[in-house]
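Read the structure below first, then the notes.
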Amino acid sequence: LGPNGSGKTTTMKLLLGLLFPTSGEALVFNRPATDVTKNERIGYLPEESYLYRFLNAEETLDFYGRLFDRPAKVRKQRAAELIDMVGLAPAKRRQLREYSKGMTRRIGLAQALINDPDLIMLDLMMPDMDGWETYQYLRQMTDTPVIIISAVGNKDDIVKALRMGVDDYLTKPFFNAEVIARAEAVLRRYGKAEEVSRLVFPDADLIIDFQTQKVTLHDQSVQLTNKEFAILAVLARNAPEVVNYQAIAQQVWGIDTPDVLSLIHISEPTRPYS
């Protein structure tokens, strides 16, 4: 989420465990990014697809299906569906070294979907492929929720996407917490939500661990009461949106009577919410 050279691709590779950080850590599905078992639930289509060029389309998808430990029958059926979806059925037995750049992008998309992920985040502006056409391909064969990510934020495109059935539309640039919140909301609607155990706000140098109820600000632990932490959790999970008093009271106390609302106030900086 930044200009060329800012580290977007490097960040993706760190999250996938393809590179290793010199310091710090990242969690994916509540597991360290270096834990390769988490990749069973992830499909990734990089800007340049590095596929085995001596394999054909069927062999390529079967190979990646094996990496995800899919049964042979499932691999065969899923590969056939994906090859048809991306329009490569007539060339499915040709070696990838004979594919054009556009065909290579299409088989790359197929391999990213071979494990049937829970959520698809689709960038409309992809090299050698049309984002709108790709979305239509996806909808023909799967009901997996799709969030569109695009640098184009005009109202016509957003309305077009929503009318086509897109589950949400994110315009670059955006906050990390916003992406997490929107993804969680979409997954909840599909019954696939998984609780996020930790949120990191780099700009504020703030880390909130929901499992241990530990808050770290500028590398120092912040001591909060249970109620203070509960209020902070509500604010953090909804960031950057403003949360009103009634919503805080309802989520923390389960009721929003005047007596409860009077308990919510701003305190000193080291104890931000009480």
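Each chain in the structure tokens gets a letter, A, B and so on, in the order shown; residues start at 1 in every chain, and ligands are counted from 1 in the order they appear.
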
Q.
Based on the backbone DSSP call, show me all residues of segment 131-240 of chain A assigned helix (DSSP H, G or I), as a ChimeraX atom specification.
A. /A:131-141,155-164,176-189,202-204,226-238

Q.
For Pro145 of chain A, find every residue with an atom within 10 Å (counting only C-alpha atoms), except residues of its own chain fewer than 6 positions away, and show them as a ChimeraX atom specification.
A. /A:117-121,138-139,165-168,183,186-187,189-190

Q.
I'd like the neighbourhood of segment 26-28 of chain A as a PyMOL selection string, where a residue qualifies if any of its atoms comes within 8 Å (using only C-alpha atoms), though same-chain residues fewer than 3 positions away should be ignored.
A. chain A and resi 15+31-33+38

Residues as selected, all heavy atoms, written as a PDB file, in the first residue's frame, can you do that?
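Okay, part_23.pdb is ready:
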```
ATOM      1  N   LEU A  15       4.791 -12.574   4.735  1.00  0.00           N
ATOM      2  CA  LEU A  15       3.582 -13.184   5.281  1.00  0.00           C
ATOM      3  C   LEU A  15       3.435 -14.631   4.841  1.00  0.00           C
ATOM      4  O   LEU A  15       2.886 -15.466   5.564  1.00  0.00           O
ATOM      5  CB  LEU A  15       2.346 -12.381   4.859  1.00  0.00           C
ATOM      6  CG  LEU A  15       2.229 -10.970   5.455  1.00  0.00           C
ATOM      7  CD1 LEU A  15       1.032 -10.246   4.851  1.00  0.00           C
ATOM      8  CD2 LEU A  15       2.098 -11.035   6.964  1.00  0.00           C
ATOM      9  N   ARG A  31      -1.138 -17.630  13.537  1.00  0.00           N
ATOM     10  CA  ARG A  31       0.091 -18.409  13.555  1.00  0.00           C
ATOM     11  C   ARG A  31       1.230 -17.564  12.995  1.00  0.00           C
ATOM     12  O   ARG A  31       1.012 -16.700  12.142  1.00  0.00           O
ATOM     13  CB  ARG A  31      -0.068 -19.675  12.701  1.00  0.00           C
ATOM     14  CG  ARG A  31      -0.875 -20.769  13.383  1.00  0.00           C
ATOM     15  CD  ARG A  31      -0.968 -21.999  12.509  1.00  0.00           C
ATOM     16  NE  ARG A  31      -2.174 -21.984  11.702  1.00  0.00           N
ATOM     17  CZ  ARG A  31      -2.476 -22.891  10.786  1.00  0.00           C
ATOM     18  NH1 ARG A  31      -1.655 -23.884  10.555  1.00  0.00           N
ATOM     19  NH2 ARG A  31      -3.595 -22.807  10.099  1.00  0.00           N
ATOM     20  N   PRO A  32       2.474 -17.793  13.431  1.00  0.00           N
ATOM     21  CA  PRO A  32       3.603 -17.021  12.887  1.00  0.00           C
ATOM     22  C   PRO A  32       3.700 -17.183  11.378  1.00  0.00           C
ATOM     23  O   PRO A  32       3.411 -18.256  10.837  1.00  0.00           O
ATOM     24  CB  PRO A  32       4.824 -17.634  13.593  1.00  0.00           C
ATOM     25  CG  PRO A  32       4.282 -18.266  14.836  1.00  0.00           C
ATOM     26  CD  PRO A  32       2.902 -18.751  14.475  1.00  0.00           C
ATOM     27  N   ALA A  33       4.104 -16.123  10.696  1.00  0.00           N
ATOM     28  CA  ALA A  33       4.222 -16.170   9.237  1.00  0.00           C
ATOM     29  C   ALA A  33       5.219 -17.222   8.793  1.00  0.00           C
ATOM     30  O   ALA A  33       5.146 -17.723   7.660  1.00  0.00           O
ATOM     31  CB  ALA A  33       4.622 -14.793   8.712  1.00  0.00           C
ATOM     32  N   LYS A  38       0.237 -22.815   7.688  1.00  0.00           N
ATOM     33  CA  LYS A  38      -0.838 -21.845   7.485  1.00  0.00           C
ATOM     34  C   LYS A  38      -1.131 -21.657   6.001  1.00  0.00           C
ATOM     35  O   LYS A  38      -2.231 -21.267   5.613  1.00  0.00           O
ATOM     36  CB  LYS A  38      -0.455 -20.482   8.084  1.00  0.00           C
ATOM     37  CG  LYS A  38       0.583 -19.767   7.224  1.00  0.00           C
ATOM     38  CD  LYS A  38       1.020 -18.459   7.760  1.00  0.00           C
ATOM     39  CE  LYS A  38       1.913 -17.725   6.784  1.00  0.00           C
ATOM     40  NZ  LYS A  38       2.927 -18.508   6.081  1.00  0.00           N
TER      41      LYS A  38
END
```

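Using only C-alpha atoms, the residues found no farther than 10 Å from Met129 of chain A, other than those of its own chain fewer than 2 positions away, are Lys101, Gly102, Met103, Arg105, Arg106, Leu109, Leu124, Met125, Met126, Pro127, Gly131, Trp132, Glu133 and Thr134 of chain A.
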
(Q) One decimal, in Å: what's the spacing between atom CA of Ala91 of chain A and atom CA of Arg41 of chain A? (A)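 Result for atom CA of Ala91 of chain A versus atom CA of Arg41 of chain A: 28.0 Å, one decimal.
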
Q: Using only C-alpha atoms, find the one residue out of A:Thr171, A:Asn154, A:Lys76, A:Leu162 that sits nearest to Asp123 of chain A.
A: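 Checking each candidate against Asp123 of chain A, we get A:Thr171 as the closest.
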